[in-house]
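*Asks:* Dropping in final.tsv, with TSV, C-alpha atoms.
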chain	number	residue	atom	x	y	z
A	1	GLN	CA	2.70	-7.19	-10.15
A	2	VAL	CA	5.24	-7.41	-7.35
A	3	TYR	CA	4.91	-10.57	-5.23
A	4	LEU	CA	7.19	-11.34	-2.28
A	5	SER	CA	6.80	-14.71	-0.57
A	6	ASN	CA	8.84	-16.54	2.08
A	7	SER	CA	11.52	-13.88	2.31
A	8	ARG	CA	12.80	-11.19	4.64
A	9	ASN	CA	13.83	-7.57	4.55
A	10	ASN	CA	13.15	-6.77	0.90
A	11	THR	CA	12.69	-3.25	-0.46
A	12	VAL	CA	10.01	-2.36	-3.04
A	13	ARG	CA	10.33	1.26	-4.16
A	14	TYR	CA	9.52	3.67	-7.01
A	15	ASN	CA	7.55	1.21	-9.15
A	16	LEU	CA	4.67	2.04	-11.50
A	17	ILE	CA	2.11	-0.80	-11.45
A	18	TYR	CA	-1.33	-0.77	-13.04
A	19	GLY	CA	-3.97	-2.85	-14.79
A	20	ALA	CA	-3.09	-6.21	-13.18
A	21	GLY	CA	-6.65	-7.54	-13.61
A	22	THR	CA	-9.67	-8.47	-11.55
A	23	ASN	CA	-8.93	-12.12	-10.70
A	24	LYS	CA	-8.03	-13.02	-7.11
A	25	ASN	CA	-4.30	-12.91	-7.83
A	26	GLY	CA	-4.38	-9.63	-9.76
A	27	THR	CA	-2.68	-7.69	-6.99
A	28	GLY	CA	-0.40	-4.69	-7.45
A	29	ILE	CA	1.99	-5.23	-4.52
A	30	TRP	CA	1.53	-8.44	-2.51
A	31	LEU	CA	3.57	-9.27	0.57
A	32	GLY	CA	2.59	-12.90	1.01
A	33	GLY	CA	3.60	-16.30	2.34
A	34	GLU	CA	3.15	-19.92	1.29
A	35	ASN	CA	2.75	-22.85	3.69
A	36	TRP	CA	4.65	-25.19	1.36
A	37	ALA	CA	7.85	-23.41	2.37
A	38	ALA	CA	7.48	-24.45	6.01
A	39	ALA	CA	8.91	-27.88	5.14
A	40	THR	CA	12.15	-26.23	4.03
A	41	TRP	CA	12.17	-23.19	6.33
A	42	PRO	CA	10.32	-24.32	9.45
A	43	ALA	CA	10.57	-21.12	11.48
A	44	PRO	CA	7.39	-19.02	11.53
A	45	GLN	CA	7.55	-15.32	10.77
A	46	TRP	CA	9.75	-16.02	7.75
A	47	ASN	CA	8.00	-13.17	5.94
A	48	THR	CA	9.12	-10.07	7.78
A	49	GLY	CA	10.75	-6.68	7.54
A	50	HIS	CA	9.71	-5.61	4.02
A	51	LYS	CA	9.91	-1.91	3.13
A	52	VAL	CA	7.49	-0.56	0.51
A	53	TYR	CA	7.77	3.13	-0.38
A	54	GLY	CA	7.36	5.63	-3.18
A	55	ASN	CA	5.32	3.32	-5.43
A	56	PHE	CA	2.44	4.22	-7.76
A	57	VAL	CA	-0.29	1.56	-8.09
A	58	ALA	CA	-3.64	1.76	-9.90
A	59	ALA	CA	-6.44	-0.42	-11.29
A	60	THR	CA	-5.57	-3.81	-9.79
A	61	ARG	CA	-7.72	-6.28	-7.82
A	62	GLN	CA	-6.00	-5.19	-4.62
A	63	ASN	CA	-3.48	-2.39	-4.96
A	64	LEU	CA	-1.75	-3.53	-1.75
A	65	ARG	CA	-2.16	-6.88	-0.03
A	66	VAL	CA	-0.29	-7.94	3.11
A	67	SER	CA	-1.01	-11.52	4.13
A	68	GLY	CA	0.39	-14.94	4.91
A	69	GLU	CA	-0.70	-18.46	5.74
A	70	SER	CA	-0.92	-20.36	9.02
A	71	LEU	CA	2.78	-21.32	9.12
A	72	THR	CA	4.25	-18.36	7.27
A	73	TYR	CA	2.58	-15.25	8.60
A	74	GLN	CA	3.70	-11.74	7.66
A	75	THR	CA	5.10	-9.25	10.20
A	76	ASN	CA	6.78	-5.85	10.50
A	77	SER	CA	6.24	-4.35	7.04
A	78	LEU	CA	6.72	-0.61	6.53
A	79	ILE	CA	4.40	0.92	3.91
A	80	TYR	CA	5.30	4.59	3.43
A	81	SER	CA	4.56	7.35	0.91
A	82	ASN	CA	2.84	5.31	-1.81
A	83	THR	CA	-0.12	6.31	-3.97
A	84	PHE	CA	-2.86	3.70	-4.46
A	85	VAL	CA	-5.64	4.58	-6.93
A	86	GLU	CA	-8.87	2.68	-7.65
A	87	CYS	CA	-8.94	-1.09	-7.15
A	88	VAL	CA	-11.19	-2.71	-9.76
A	89	GLY	CA	-12.63	-5.83	-8.11
A	90	ALA	CA	-16.15	-6.32	-6.80
A	91	GLY	CA	-16.99	-5.13	-3.30
A	92	THR	CA	-15.82	-8.08	-1.19
A	93	GLU	CA	-13.05	-8.48	1.37
A	94	TRP	CA	-10.77	-9.68	-1.44
A	95	SER	CA	-11.38	-6.54	-3.48
A	96	ARG	CA	-10.04	-3.70	-1.40
A	97	ASN	CA	-7.63	-1.01	-2.39
A	98	ILE	CA	-5.67	-1.90	0.77
A	99	LEU	CA	-5.97	-5.37	2.33
A	100	TYR	CA	-4.30	-6.74	5.47
A	101	SER	CA	-5.68	-10.26	5.84
A	102	GLU	CA	-4.94	-13.97	6.36
A	103	ALA	CA	-2.28	-14.57	9.03
A	104	VAL	CA	-1.14	-11.00	8.68
A	105	GLY	CA	0.69	-10.90	12.03
A	106	THR	CA	1.63	-7.66	13.77
A	107	GLY	CA	4.15	-4.84	13.69
A	108	HIS	CA	3.02	-3.30	10.39
A	109	GLU	CA	3.11	0.45	9.70
A	110	PHE	CA	1.07	2.33	7.09
A	111	ARG	CA	1.94	6.03	6.90
A	112	ASN	CA	2.00	8.98	4.46
A	113	ASN	CA	0.07	7.11	1.76
A	114	ILE	CA	-2.61	8.44	-0.61
A	115	VAL	CA	-5.57	6.10	-1.15
A	116	ILE	CA	-8.15	7.03	-3.78
A	117	GLN	CA	-11.20	4.81	-4.14
A	118	THR	CA	-14.49	5.81	-5.75
A	119	LEU	CA	-16.48	2.60	-5.26
A	120	ASN	CA	-16.45	-0.01	-2.48
A	121	SER	CA	-14.83	0.26	0.92
A	122	PRO	CA	-11.21	1.29	0.39
A	123	ALA	CA	-9.48	-0.83	3.04
A	124	TYR	CA	-9.70	-3.88	5.30
A	125	ALA	CA	-7.28	-4.75	8.10
A	126	LYS	CA	-7.24	-7.45	10.75
A	127	SER	CA	-7.59	-5.94	14.21
A	128	GLY	CA	-4.27	-5.08	15.85
A	129	ALA	CA	-2.20	-5.67	12.73
A	130	VAL	CA	-1.40	-2.13	11.62
A	131	THR	CA	-0.22	1.14	13.12
A	132	ALA	CA	-1.48	3.78	10.70
A	133	SER	CA	-1.13	7.55	10.60
A	134	ASN	CA	-0.97	10.59	8.34
A	135	ASN	CA	-2.62	8.99	5.31
A	136	LEU	CA	-4.96	10.71	2.85
A	137	TRP	CA	-8.19	8.88	2.01
A	138	SER	CA	-10.56	10.04	-0.71
A	139	GLN	CA	-13.55	8.57	1.13
A	140	ALA	CA	-15.17	9.64	4.37
A	141	GLU	CA	-13.71	8.36	7.63
A	142	ALA	CA	-16.76	6.16	8.26
A	143	ASN	CA	-16.01	4.22	5.06
A	144	VAL	CA	-12.45	3.36	6.09
A	145	ALA	CA	-12.05	0.35	8.39
A	146	SER	CA	-11.42	1.53	11.96
A	147	THR	CA	-8.45	-0.87	12.13
A	148	ILE	CA	-6.47	1.20	9.61
A	149	ARG	CA	-7.76	4.76	10.05
A	150	GLY	CA	-5.01	5.61	12.52
A	151	SER	CA	-4.22	9.13	13.68
A	152	ASN	CA	-3.63	12.46	11.96
A	153	SER	CA	-5.11	11.27	8.66
A	154	VAL	CA	-7.09	13.30	6.12
A	155	PHE	CA	-10.45	11.91	4.98
A	156	ASN	CA	-12.95	12.75	2.25
A	157	SER	CA	-10.30	14.67	0.37
A	158	ASN	CA	-9.13	15.00	-3.22
A	159	PRO	CA	-5.31	15.20	-3.30
A	160	GLY	CA	-5.29	16.89	-6.71
A	161	LEU	CA	-3.36	14.35	-8.76
A	162	ALA	CA	-2.32	15.41	-12.25
A	163	LYS	CA	-4.54	12.70	-13.77
A	164	THR	CA	-8.16	13.17	-12.76
A	165	SER	CA	-10.03	10.33	-14.50
A	166	GLY	CA	-9.71	7.21	-16.62
A	167	TRP	CA	-7.66	5.19	-14.13
A	168	THR	CA	-9.61	1.94	-14.37
A	169	SER	CA	-9.75	1.83	-18.17
A	170	ALA	CA	-6.01	2.27	-18.55
A	171	SER	CA	-4.13	0.21	-21.13
A	172	SER	CA	-0.38	-0.29	-21.57
A	173	GLY	CA	1.49	3.01	-21.69
A	174	TYR	CA	-1.56	5.06	-20.74
A	175	ILE	CA	-0.45	5.84	-17.16
A	176	THR	CA	2.89	7.41	-16.23
A	177	THR	CA	4.44	8.41	-12.92
A	178	ALA	CA	3.75	12.05	-13.81
A	179	ASP	CA	0.02	11.29	-13.51
A	180	PHE	CA	0.49	10.79	-9.77
A	181	LYS	CA	2.05	14.16	-9.03
A	182	VAL	CA	0.03	16.40	-6.71
A	183	ALA	CA	-0.73	20.01	-7.50
A	184	ALA	CA	0.37	23.02	-5.49
A	185	GLY	CA	-2.04	23.56	-2.64
A	186	SER	CA	-2.94	19.85	-2.44
A	187	SER	CA	-4.43	18.60	0.83
A	188	ALA	CA	-1.68	15.95	0.81
A	189	LEU	CA	1.08	18.52	1.34
A	190	ASP	CA	2.72	19.22	4.70
A	191	VAL	CA	0.52	16.81	6.68
A	192	GLY	CA	2.80	13.74	6.72
A	193	TYR	CA	4.61	11.79	9.39
A	194	THR	CA	8.30	12.64	9.82
A	195	LEU	CA	10.54	9.92	8.43
A	196	SER	CA	14.31	9.48	8.19
A	197	ALA	CA	16.48	8.13	5.36
A	198	PRO	CA	15.84	6.38	3.03
A	199	TYR	CA	12.29	7.77	3.12
A	200	ASN	CA	13.28	11.44	2.92
A	201	SER	CA	13.16	11.79	-0.87
A	202	ASP	CA	10.46	11.00	-3.41
A	203	ALA	CA	10.47	8.97	-6.64
A	204	TRP	CA	11.75	11.99	-8.58
A	205	GLY	CA	14.66	12.54	-6.18
A	206	THR	CA	13.14	15.57	-4.47
A	207	ALA	CA	14.18	15.87	-0.83
A	208	ARG	CA	11.47	15.73	1.84
A	209	PRO	CA	10.19	17.77	3.49
A	210	GLN	CA	9.87	20.72	1.12
A	211	GLY	CA	7.46	22.64	3.36
A	212	SER	CA	6.65	22.61	7.07
A	213	ALA	CA	6.26	18.81	7.20
A	214	PHE	CA	6.46	15.68	5.08
A	215	ASP	CA	3.78	15.18	2.41
Show the structure stored in the file as structure tokens.

*Replies:*
Amino acid sequence: QVYLSNSRNNTVRYNLIYGAGTNKNGTGIWLGGENWAAATWPAPQWNTGHKVYGNFVAATRQNLRVSGESLTYQTNSLIYSNTFVECVGAGTEWSRNILYSEAVGTGHEFRNNIVIQTLNSPAYAKSGAVTASNNLWSQAEANVASTIRGSNSVFNSNPGLAKTSGWTSASSGYITTADFKVAAGSSALDVGYTLSAPYNSDAWGTARPQGSAFD
């Protein structure tokens, strides 16, 4: 698990995270905030400016959670080019593959991500929190919250990852970054949003784009 709280401008990149559990705190990547810190750092919006890109996350309670509390809300995170596969919690707001909730603030971007979810609704986002575009969702558009669908996204699509099953039963050492590679001809290729450095290479050091557009 990666947990950032009461901090600014951190970078989370190229991590492999899986099997963090089904309890409420079993989150893969959590950009959070704690009210206790307001006594020491009184300014609101202390949690801001995080960059999350090129990560591989599977089989956690929430694969990505962006949230805060009433005095420490989260703003201006950039979530680019990650792959999020199968959250394992029950079908409640707390158990989403992607969750923007609880004093989430504004200014967030969610682009060029792959989100694979077989069961439950794959995402929840507070209204007005997120600008989303060019993501690939394994479920139909109607199953993705309207607040995070965005523009130019691909829905109801299989991106053709190297690993095709067994994500939620994974034990230590069972998943590798190679499992997240997409096959030639994948629907995730050449449909991404154009990004500049440092987002113009992938976790294996391959420059982007390779084709007509970013993946």

*Asks:* When you count only C-alpha atoms, which of these residues is closest to Leu119 in chain A: A:Leu4, A:Val85, A:Ile79, A:Leu136?

*Replies:*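 Comparing A:Leu4, A:Val85, A:Ile79, A:Leu136 against Leu119 in chain A, the winner is A:Val85.
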
*Asks:* Name all residues at most 7 Å from Asn63 in chain A (count all atoms listed in the file; drop same-chain ones fewer than 2 positions away) and give them as JSON, numbers by chain.

*Replies:* {"A": [27, 28, 29, 57, 58, 60, 61, 65, 84, 87, 97, 98]}

*Asks:* Could those selected residues go to a file with C-alpha atoms, as a PDB file, in the frame of the given file?

*Replies:*
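out_28.pdb was written with the following content:
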ATOM      1  CA  THR A  27      -2.680  -7.690  -6.990  1.00  0.00           C
ATOM      2  CA  GLY A  28      -0.400  -4.690  -7.450  1.00  0.00           C
ATOM      3  CA  ILE A  29       1.990  -5.230  -4.520  1.00  0.00           C
ATOM      4  CA  VAL A  57      -0.290   1.560  -8.090  1.00  0.00           C
ATOM      5  CA  ALA A  58      -3.640   1.760  -9.900  1.00  0.00           C
ATOM      6  CA  THR A  60      -5.570  -3.810  -9.790  1.00  0.00           C
ATOM      7  CA  ARG A  61      -7.720  -6.280  -7.820  1.00  0.00           C
ATOM      8  CA  ARG A  65      -2.160  -6.880  -0.030  1.00  0.00           C
ATOM      9  CA  PHE A  84      -2.860   3.700  -4.460  1.00  0.00           C
ATOM     10  CA  CYS A  87      -8.940  -1.090  -7.150  1.00  0.00           C
ATOM     11  CA  ASN A  97      -7.630  -1.010  -2.390  1.00  0.00           C
ATOM     12  CA  ILE A  98      -5.670  -1.900   0.770  1.00  0.00           C
TER      13      ILE A  98
END

*Asks:* Quick one, how far is CA of Gly32 in chain A from CA of Ala129 in chain A?

*Replies:*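 Result for CA of Gly32 in chain A versus CA of Ala129 in chain A: 14.6 Å, one decimal.
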
*Asks:* Could you tell me which of A:Tyr80, A:Gln139, A:Ser5, A:Gly89 comes closest to Ser196 in chain A if we count all atoms listed in the file?

*Replies:* A:Tyr80

*Asks:* Of the residues A:Ala183, A:Leu99, A:Leu78, A:Ile17, which is the one nearest to Asn55 in chain A, using all atoms listed in the file?

*Replies:*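 Closest to Asn55 in chain A, using all atoms listed in the file: A:Ile17.
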
*Asks:* Hey, which of A:Ser171, A:Thr118, A:Thr83, A:Thr75 ends up closest to Ala103 in chain A? Count all atoms listed in the file.

*Replies:*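 Smallest distance to Ala103 in chain A is found for A:Thr75.
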
*Asks:* Box along x, y and z, 6 Å on every side, all listed atoms of range 142-159 of chain A inside: centre and edge lengths in Å to one decimal, as lines of an AutoDock Vina configuration file.

*Replies:*
center_x = -10.2
center_y = 7.2
center_z = 5.2
size_x = 25.1
size_y = 28.1
size_z = 29.0

*Asks:* Which distance in Å separates CA of Gln1 in chain A and CA of Gly19 in chain A, to one decimal?

*Replies:*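 Those two atoms sit 9.2 Å apart.
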
*Asks:* With distances taken over all atoms listed in the file, which of A:Val52, A:Ser101, A:Ile114, A:Asn143 is nearest to Lys126 in chain A?

*Replies:*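 With all atoms listed in the file as the atom set, the closest residue is A:Ser101.
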
*Asks:* With distances taken over all atoms listed in the file, which residue among A:Lys163, A:Phe110, A:Val115, A:Ala178 lies nearest Gly150 in chain A?

*Replies:*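 Looking only at the distances to Gly150 in chain A, the closest residue turns out to be A:Phe110.
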
*Asks:* Just give me the gap between CA of Val130 in chain A and CA of Tyr100 in chain A in Å, one decimal is fine.

*Replies:*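 Distance between the two atoms: 8.2 Å.
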
*Asks:* Name the residues, using the chain letters and numbers of the file, that sit within 12 Å of (6.6, 24.2, -0.3) when counting only C-alpha atoms, and give them as a PyMOL selection string.

*Replies:* chain A and resi 183-186+188-191+206-215

*Asks:* Find the residues with any atom within 9 Å of (-2.3, 11.5, -11.2); use all atoms listed in the file and the coordinates as given in the file, and write the answer as a list in words.

*Replies:*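 The residues that fall inside the cut-off are Val85, Gly160, Leu161, Ala162, Lys163, Thr164, Ser165, Trp167, Ile175, Thr176, Thr177, Ala178, Asp179, Phe180, Lys181 and Val182 of chain A.
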
*Asks:* Write out as an NGL selection string the residues lying within 8 Å of Gly33 in chain A, counting all atoms listed in the file and excluding same-chain residues fewer than 4 positions away.

*Replies:* :A and (4-6 or 47 or 67-69 or 72-74)

*Asks:* Would you write out those residues with C-alpha atoms, as a PDB file, keeping the file's coordinate frame?

*Replies:*
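out.pdb was written with the following content:
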ATOM      1  CA  LEU A   4       7.190 -11.340  -2.280  1.00  0.00           C
ATOM      2  CA  SER A   5       6.800 -14.710  -0.570  1.00  0.00           C
ATOM      3  CA  ASN A   6       8.840 -16.540   2.080  1.00  0.00           C
ATOM      4  CA  ASN A  47       8.000 -13.170   5.940  1.00  0.00           C
ATOM      5  CA  SER A  67      -1.010 -11.520   4.130  1.00  0.00           C
ATOM      6  CA  GLY A  68       0.390 -14.940   4.910  1.00  0.00           C
ATOM      7  CA  GLU A  69      -0.700 -18.460   5.740  1.00  0.00           C
ATOM      8  CA  THR A  72       4.250 -18.360   7.270  1.00  0.00           C
ATOM      9  CA  TYR A  73       2.580 -15.250   8.600  1.00  0.00           C
ATOM     10  CA  GLN A  74       3.700 -11.740   7.660  1.00  0.00           C
TER      11      GLN A  74
END

*Asks:* Find the residues around Ser153 in chain A up to 6 Å (all atoms listed in the file counted), leave out those fewer than 3 positions away in its own chain, and share them as an MDAnalysis selection string.

*Replies:* chainID A and resid 133:136

*Asks:* Write out as a PyMOL selection string the residues lying within 8 Å of His50 in chain A, counting all atoms listed in the file and excluding same-chain residues fewer than 4 positions away.

*Replies:* chain A and resi 8-12+31+76-78
